[in-house]
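Q: Have a peek at upload12.txt (compact mmCIF, N, CA, C and O atoms).
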# COMPACT_ATOMS: atom_id res chain seq x y z
N MET O 1 0.81 -1.18 0.00
CA MET O 1 0.00 0.00 0.00
C MET O 1 0.86 1.26 0.00
O MET O 1 0.63 2.18 0.74
N ALA O 2 1.86 1.27 -0.84
CA ALA O 2 2.73 2.44 -0.93
C ALA O 2 2.02 3.62 -1.56
O ALA O 2 2.43 4.76 -1.38
N SER O 3 0.95 3.38 -2.32
CA SER O 3 0.24 4.49 -2.96
C SER O 3 -0.56 5.31 -1.96
O SER O 3 -0.95 6.42 -2.24
N ASP O 4 -0.83 4.75 -0.77
CA ASP O 4 -1.58 5.47 0.25
C ASP O 4 -0.74 6.54 0.94
O ASP O 4 -1.28 7.46 1.53
N ARG O 5 0.57 6.42 0.86
CA ARG O 5 1.45 7.38 1.54
C ARG O 5 1.62 8.62 0.67
O ARG O 5 1.86 8.54 -0.51
N ARG O 6 1.48 9.76 1.30
CA ARG O 6 1.66 11.03 0.60
C ARG O 6 2.83 11.78 1.20
O ARG O 6 3.02 11.76 2.41
N LYS O 7 3.58 12.44 0.33
CA LYS O 7 4.66 13.29 0.82
C LYS O 7 4.07 14.63 1.21
O LYS O 7 3.28 15.22 0.47
N ARG O 8 4.45 15.10 2.36
CA ARG O 8 4.01 16.42 2.77
C ARG O 8 4.95 17.45 2.19
O ARG O 8 6.17 17.30 2.28
N PRO O 9 4.46 18.50 1.58
CA PRO O 9 5.35 19.49 0.97
C PRO O 9 6.13 20.25 2.03
O PRO O 9 5.59 20.65 3.06
N GLY O 10 7.41 20.41 1.78
CA GLY O 10 8.25 21.17 2.67
C GLY O 10 8.81 20.41 3.84
O GLY O 10 9.62 20.94 4.60
N SER O 11 8.40 19.16 4.04
CA SER O 11 8.88 18.44 5.21
C SER O 11 10.37 18.11 5.09
O SER O 11 11.08 18.09 6.09
N ARG O 12 10.86 17.86 3.88
CA ARG O 12 12.28 17.58 3.71
C ARG O 12 13.13 18.82 3.95
O ARG O 12 14.20 18.74 4.53
N VAL O 13 12.63 19.96 3.50
CA VAL O 13 13.36 21.21 3.72
C VAL O 13 13.40 21.53 5.21
O VAL O 13 14.44 21.91 5.76
N LEU O 14 12.27 21.34 5.87
CA LEU O 14 12.21 21.58 7.31
C LEU O 14 13.12 20.63 8.07
O LEU O 14 13.81 21.04 9.01
N LEU O 15 13.15 19.37 7.64
CA LEU O 15 14.06 18.40 8.26
C LEU O 15 15.51 18.82 8.04
O LEU O 15 16.33 18.71 8.95
N GLY O 16 15.84 19.30 6.85
CA GLY O 16 17.20 19.76 6.58
C GLY O 16 17.61 20.91 7.48
O GLY O 16 18.70 20.92 8.04
N PHE O 17 16.72 21.89 7.62
CA PHE O 17 17.02 23.02 8.50
C PHE O 17 17.16 22.56 9.95
O PHE O 17 18.04 23.02 10.68
N ALA O 18 16.30 21.64 10.37
CA ALA O 18 16.36 21.14 11.74
C ALA O 18 17.65 20.35 11.98
O ALA O 18 18.24 20.45 13.06
N LEU O 19 18.09 19.58 10.98
CA LEU O 19 19.34 18.84 11.14
C LEU O 19 20.54 19.77 11.24
O LEU O 19 21.45 19.54 12.05
N VAL O 20 20.56 20.82 10.43
CA VAL O 20 21.66 21.79 10.50
C VAL O 20 21.65 22.49 11.86
O VAL O 20 22.69 22.63 12.51
N ALA O 21 20.47 22.93 12.30
CA ALA O 21 20.38 23.59 13.60
C ALA O 21 20.75 22.64 14.73
O ALA O 21 21.44 23.03 15.68
N GLY O 22 20.31 21.38 14.64
CA GLY O 22 20.65 20.40 15.66
C GLY O 22 22.14 20.12 15.70
O GLY O 22 22.73 19.95 16.78
N ALA O 23 22.78 20.07 14.53
CA ALA O 23 24.22 19.84 14.48
C ALA O 23 24.98 21.02 15.12
O ALA O 23 25.91 20.81 15.91
N LEU O 24 24.57 22.23 14.79
CA LEU O 24 25.24 23.40 15.37
C LEU O 24 25.03 23.48 16.87
O LEU O 24 25.97 23.76 17.63
N MET O 25 23.81 23.20 17.31
CA MET O 25 23.53 23.27 18.75
C MET O 25 24.25 22.16 19.51
O MET O 25 24.72 22.39 20.62
N SER O 26 24.34 20.98 18.92
CA SER O 26 25.04 19.90 19.62
C SER O 26 26.54 20.17 19.68
O SER O 26 27.19 19.86 20.68
N MET O 27 27.09 20.75 18.62
CA MET O 27 28.52 21.10 18.66
C MET O 27 28.77 22.17 19.72
O MET O 27 29.74 22.10 20.48
N PHE O 28 27.91 23.17 19.77
CA PHE O 28 28.05 24.22 20.78
C PHE O 28 27.90 23.64 22.18
O PHE O 28 28.66 23.97 23.10
N GLY O 29 26.92 22.76 22.37
CA GLY O 29 26.71 22.14 23.67
C GLY O 29 27.87 21.27 24.09
O GLY O 29 28.28 21.26 25.26
N GLY O 30 28.44 20.51 23.14
CA GLY O 30 29.61 19.69 23.44
C GLY O 30 30.80 20.52 23.86
O GLY O 30 31.51 20.19 24.82
N ALA O 31 31.02 21.63 23.15
CA ALA O 31 32.14 22.50 23.51
C ALA O 31 31.90 23.16 24.86
O ALA O 31 32.84 23.31 25.67
N LEU O 32 30.67 23.55 25.13
CA LEU O 32 30.34 24.19 26.40
C LEU O 32 30.53 23.23 27.57
O LEU O 32 31.12 23.59 28.61
N LEU O 33 30.04 22.00 27.41
CA LEU O 33 30.20 21.01 28.48
C LEU O 33 31.67 20.64 28.69
O LEU O 33 32.12 20.47 29.83
N ALA O 34 32.43 20.52 27.60
CA ALA O 34 33.85 20.21 27.73
C ALA O 34 34.59 21.34 28.43
O ALA O 34 35.45 21.09 29.28
N ASP O 35 34.25 22.57 28.08
CA ASP O 35 34.90 23.72 28.71
C ASP O 35 34.58 23.76 30.20
O ASP O 35 35.46 24.03 31.03
N PHE O 36 33.34 23.48 30.55
CA PHE O 36 32.94 23.46 31.95
C PHE O 36 33.68 22.36 32.72
O PHE O 36 34.19 22.60 33.83
N ALA O 37 33.75 21.18 32.13
CA ALA O 37 34.44 20.07 32.79
C ALA O 37 35.94 20.36 32.94
O ALA O 37 36.54 20.05 33.99
N LEU O 38 36.55 20.95 31.93
CA LEU O 38 37.97 21.28 32.01
C LEU O 38 38.23 22.36 33.05
O LEU O 38 39.27 22.35 33.70
N ASP O 39 37.31 23.31 33.18
CA ASP O 39 37.44 24.33 34.23
C ASP O 39 37.36 23.69 35.61
O ASP O 39 38.10 24.06 36.53
N LEU O 40 36.44 22.74 35.77
CA LEU O 40 36.31 22.07 37.07
C LEU O 40 37.57 21.26 37.40
O LEU O 40 37.96 21.17 38.57
N LEU O 41 38.16 20.65 36.37
CA LEU O 41 39.36 19.84 36.59
C LEU O 41 40.62 20.68 36.71
O LEU O 41 41.67 20.18 37.10
N GLY O 42 40.56 21.95 36.36
CA GLY O 42 41.70 22.84 36.47
C GLY O 42 42.71 22.69 35.34
O GLY O 42 43.88 23.00 35.52
N VAL O 43 42.29 22.23 34.17
CA VAL O 43 43.20 22.07 33.04
C VAL O 43 43.42 23.44 32.42
O VAL O 43 42.47 24.13 32.05
N ALA O 44 44.69 23.84 32.26
CA ALA O 44 45.01 25.16 31.74
C ALA O 44 45.74 25.11 30.41
O ALA O 44 45.91 26.13 29.76
N SER O 45 46.18 23.96 29.97
CA SER O 45 46.95 23.84 28.74
C SER O 45 46.04 24.03 27.52
O SER O 45 45.10 23.26 27.32
N PRO O 46 46.32 25.05 26.68
CA PRO O 46 45.47 25.29 25.51
C PRO O 46 45.39 24.11 24.53
O PRO O 46 44.29 23.82 24.04
N PRO O 47 46.49 23.40 24.23
CA PRO O 47 46.33 22.26 23.31
C PRO O 47 45.45 21.14 23.88
O PRO O 47 44.68 20.52 23.15
N VAL O 48 45.56 20.90 25.17
CA VAL O 48 44.73 19.87 25.80
C VAL O 48 43.27 20.30 25.78
O VAL O 48 42.37 19.50 25.45
N ARG O 49 43.01 21.56 26.10
CA ARG O 49 41.64 22.07 26.10
C ARG O 49 41.04 21.97 24.71
O ARG O 49 39.89 21.56 24.54
N LEU O 50 41.81 22.33 23.70
CA LEU O 50 41.33 22.28 22.34
C LEU O 50 41.04 20.84 21.91
O LEU O 50 40.01 20.55 21.29
N GLY O 51 41.93 19.94 22.24
CA GLY O 51 41.72 18.54 21.88
C GLY O 51 40.50 17.95 22.53
O GLY O 51 39.73 17.22 21.88
N VAL O 52 40.31 18.25 23.81
CA VAL O 52 39.14 17.72 24.52
C VAL O 52 37.86 18.33 23.96
O VAL O 52 36.84 17.64 23.81
N LYS O 53 37.89 19.62 23.60
CA LYS O 53 36.71 20.25 23.02
C LYS O 53 36.35 19.63 21.68
O LYS O 53 35.18 19.38 21.38
N VAL O 54 37.36 19.35 20.86
CA VAL O 54 37.10 18.74 19.55
C VAL O 54 36.50 17.35 19.73
O VAL O 54 35.54 16.98 19.03
N ILE O 55 37.03 16.58 20.65
CA ILE O 55 36.50 15.24 20.90
C ILE O 55 35.06 15.32 21.43
O ILE O 55 34.19 14.54 21.01
N ALA O 56 34.80 16.25 22.33
CA ALA O 56 33.45 16.40 22.88
C ALA O 56 32.46 16.86 21.80
O ALA O 56 31.31 16.38 21.76
N MET O 57 32.89 17.74 20.92
CA MET O 57 32.01 18.19 19.84
C MET O 57 31.71 17.05 18.88
O MET O 57 30.57 16.89 18.42
N ALA O 58 32.71 16.26 18.57
CA ALA O 58 32.51 15.12 17.66
C ALA O 58 31.61 14.06 18.32
O ALA O 58 30.82 13.41 17.64
N ALA O 59 31.72 13.90 19.61
CA ALA O 59 30.87 12.93 20.31
C ALA O 59 29.43 13.43 20.44
O ALA O 59 28.50 12.62 20.49
N ALA O 60 29.24 14.74 20.47
CA ALA O 60 27.89 15.29 20.63
C ALA O 60 27.11 15.32 19.32
O ALA O 60 25.87 15.38 19.35
N LEU O 61 27.78 15.26 18.18
CA LEU O 61 27.07 15.32 16.90
C LEU O 61 26.05 14.20 16.70
O LEU O 61 24.91 14.49 16.31
N PRO O 62 26.40 12.95 16.94
CA PRO O 62 25.37 11.91 16.77
C PRO O 62 24.16 12.10 17.69
O PRO O 62 23.04 11.78 17.30
N ALA O 63 24.40 12.63 18.87
CA ALA O 63 23.28 12.86 19.79
C ALA O 63 22.34 13.93 19.23
O ALA O 63 21.12 13.80 19.31
N GLY O 64 22.90 14.96 18.62
CA GLY O 64 22.06 16.00 18.01
C GLY O 64 21.23 15.46 16.86
O GLY O 64 20.03 15.75 16.75
N PHE O 65 21.84 14.67 15.99
CA PHE O 65 21.11 14.07 14.89
C PHE O 65 20.02 13.13 15.40
O PHE O 65 18.91 13.09 14.87
N TYR O 66 20.34 12.36 16.43
CA TYR O 66 19.38 11.41 16.99
C TYR O 66 18.17 12.15 17.55
O TYR O 66 17.01 11.74 17.32
N LEU O 67 18.40 13.23 18.29
CA LEU O 67 17.28 13.96 18.89
C LEU O 67 16.39 14.60 17.83
O LEU O 67 15.15 14.58 17.95
N VAL O 68 17.00 15.15 16.77
CA VAL O 68 16.19 15.74 15.70
C VAL O 68 15.38 14.66 14.99
O VAL O 68 14.20 14.84 14.70
N GLU O 69 16.02 13.52 14.72
CA GLU O 69 15.33 12.43 14.04
C GLU O 69 14.15 11.92 14.88
O GLU O 69 13.05 11.70 14.36
N ARG O 70 14.37 11.74 16.17
CA ARG O 70 13.29 11.27 17.05
C ARG O 70 12.14 12.28 17.09
O ARG O 70 10.98 11.90 17.10
N ALA O 71 12.47 13.57 17.11
CA ALA O 71 11.42 14.59 17.13
C ALA O 71 10.60 14.54 15.84
O ALA O 71 9.36 14.62 15.87
N PHE O 72 11.26 14.39 14.70
CA PHE O 72 10.53 14.34 13.44
C PHE O 72 9.72 13.06 13.30
O PHE O 72 8.60 13.08 12.79
N LEU O 73 10.26 11.93 13.76
CA LEU O 73 9.49 10.69 13.69
C LEU O 73 8.27 10.76 14.59
O LEU O 73 7.18 10.31 14.21
N GLY O 74 8.43 11.32 15.76
CA GLY O 74 7.29 11.47 16.66
C GLY O 74 6.25 12.41 16.09
O GLY O 74 5.04 12.16 16.19
N LEU O 75 6.69 13.48 15.46
CA LEU O 75 5.77 14.43 14.86
C LEU O 75 5.03 13.80 13.68
O LEU O 75 3.82 13.98 13.54
N SER O 76 5.74 13.02 12.87
CA SER O 76 5.08 12.41 11.71
C SER O 76 4.09 11.33 12.17
O SER O 76 3.05 11.15 11.56
N ARG O 77 4.40 10.61 13.22
CA ARG O 77 3.45 9.61 13.73
C ARG O 77 2.18 10.27 14.25
O ARG O 77 1.09 9.77 14.04
N ARG O 78 2.35 11.40 14.93
CA ARG O 78 1.17 12.09 15.47
C ARG O 78 0.31 12.66 14.36
O ARG O 78 -0.90 12.60 14.42
N THR O 79 0.93 13.24 13.33
CA THR O 79 0.13 13.85 12.26
C THR O 79 -0.53 12.80 11.39
O THR O 79 -1.64 12.98 10.93
N THR O 80 0.14 11.66 11.15
CA THR O 80 -0.49 10.63 10.34
C THR O 80 -1.57 9.89 11.11
O THR O 80 -2.54 9.45 10.52
N SER O 81 -1.43 9.74 12.41
CA SER O 81 -2.47 9.06 13.17
C SER O 81 -3.72 9.92 13.30
O SER O 81 -4.82 9.39 13.43
N ARG O 82 -3.58 11.22 13.25
CA ARG O 82 -4.75 12.09 13.30
C ARG O 82 -5.51 12.10 11.98
O ARG O 82 -6.71 12.22 11.96
N LYS O 83 -4.78 11.95 10.87
CA LYS O 83 -5.42 12.05 9.56
C LYS O 83 -6.09 10.76 9.13
O LYS O 83 -7.03 10.78 8.35
N THR O 84 -5.63 9.63 9.60
CA THR O 84 -6.22 8.37 9.16
C THR O 84 -7.38 8.00 10.09
O THR O 84 -7.24 8.02 11.32
N PRO O 85 -8.50 7.66 9.53
CA PRO O 85 -9.64 7.28 10.38
C PRO O 85 -9.41 5.91 10.99
O PRO O 85 -8.82 5.03 10.40
N GLY O 86 -9.88 5.74 12.17
CA GLY O 86 -9.74 4.47 12.89
C GLY O 86 -10.73 3.44 12.43
O GLY O 86 -11.74 3.76 11.79
N PRO O 87 -10.51 2.16 12.76
CA PRO O 87 -11.45 1.08 12.35
C PRO O 87 -12.74 1.11 13.11
O PRO O 87 -12.96 1.59 14.10
Please render this file's structure as structure tokens.
A:
Amino acid sequence: MASDRRKRPGSRVLLGFALVAGALMSMFGGALLADFALDLLGVASPPVRLGVKVIAMAAALPAGFYLVERAFLGLSRRTTSRKTPGP
């Protein structure tokens, strides 16, 4: 029943914008958390701080993508369940 599925206009563009925003926010959040943790630990070496920030930003990227994907899947389930009549 693939013919029953309809593409919603603009949903791919909206998903693209949300993924870009989620990636930027997760990178910023990773850097912020790494900076906070390094301040608590008393690390003062700039190369070490930079390395830890890069690792934290790279680790936070999949989390950002995952959260955006989950939000869109949840939104699409809610909108499709409202539009289809029940048995």
Q: Report, in Å with one decimal, the straight-line distance from atom N of Tyr66 (chain O) to CA of Gly51 (chain O).
A: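 Atom-to-atom, atom N of Tyr66 (chain O) to CA of Gly51 (chain O), that is 22.9 Å.
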Q: Would you list the contacts of Gly22 (chain O) as a list of chain:residue names, taking every protein, DNA or RNA residue within 5 Å and counting all atoms listed in the file, but skipping same-chain residues closer than 5 positions in sequence?
A: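 The contact residues come out as O:Phe17, O:Met27, O:Gly64.
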Q: Go through O:Leu24, O:Pro62, O:Leu32, O:Val68 one by one, measure the shortest atom-to-atom distance of each to Arg49 (chain O) using only C-alpha atoms, and give the residue with the smallest value.
A: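 Between O:Leu24, O:Pro62, O:Leu32, O:Val68, the residue approaching Arg49 (chain O) most closely is O:Leu32.
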Q: Could the centre and edge lengths of an axis-aligned box, enclosing all atoms of region 62-77 of chain O in the file with 3 Å extra on each side, be given in Å to one decimal as AutoDock Vina command-line options?
A:
--center_x 13.7 --center_y 12.8 --center_z 15.7 --size_x 31.3 --size_y 12.4 --size_z 14.2
Q: Could you jot down the atom C of Val52 (chain O) to CA of Ala71 (chain O) separation for me, Å, one decimal place?
A: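 That distance, rounded to one decimal, is 27.6 Å.
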Q: Measure the distance from atom N of Ala56 (chain O) to atom N of Ala31 (chain O) in Å and round it to one decimal.
A: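 Taking atom N of Ala56 (chain O) as the start and atom N of Ala31 (chain O) as the end point, the length is 6.6 Å.
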Q: Compare O:Leu40, O:Leu19, O:Val13, O:Leu33 by their minimum atom-to-atom distance to Glu69 (chain O), counting all atoms listed in the file, and give me the closest one.
A: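 Comparing O:Leu40, O:Leu19, O:Val13, O:Leu33 against Glu69 (chain O), the winner is O:Leu19.
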Q: Quick one: residues within 6 Å of Phe65 (chain O), all atoms listed in the file, excluding same-chain residues fewer than 5 positions away - as a JSON list (two decimals) with N, CA, C and O atoms, in the frame of the given file?
A:
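Here's the written file around.json:
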[["chain", "number", "residue", "atom", "x", "y", "z"],
["O", 22, "GLY", "N", 20.31, 21.38, 14.64],
["O", 22, "GLY", "CA", 20.65, 20.40, 15.66],
["O", 22, "GLY", "C", 22.14, 20.12, 15.70],
["O", 22, "GLY", "O", 22.73, 19.95, 16.78],
["O", 23, "ALA", "N", 22.78, 20.07, 14.53],
["O", 23, "ALA", "CA", 24.22, 19.84, 14.48],
["O", 23, "ALA", "C", 24.98, 21.02, 15.12],
["O", 23, "ALA", "O", 25.91, 20.81, 15.91],
["O", 60, "ALA", "N", 29.24, 14.74, 20.47],
["O", 60, "ALA", "CA", 27.89, 15.29, 20.63],
["O", 60, "ALA", "C", 27.11, 15.32, 19.32],
["O", 60, "ALA", "O", 25.87, 15.38, 19.35],
["O", 70, "ARG", "N", 14.37, 11.74, 16.17],
["O", 70, "ARG", "CA", 13.29, 11.27, 17.05],
["O", 70, "ARG", "C", 12.14, 12.28, 17.09],
["O", 70, "ARG", "O", 10.98, 11.90, 17.10]]
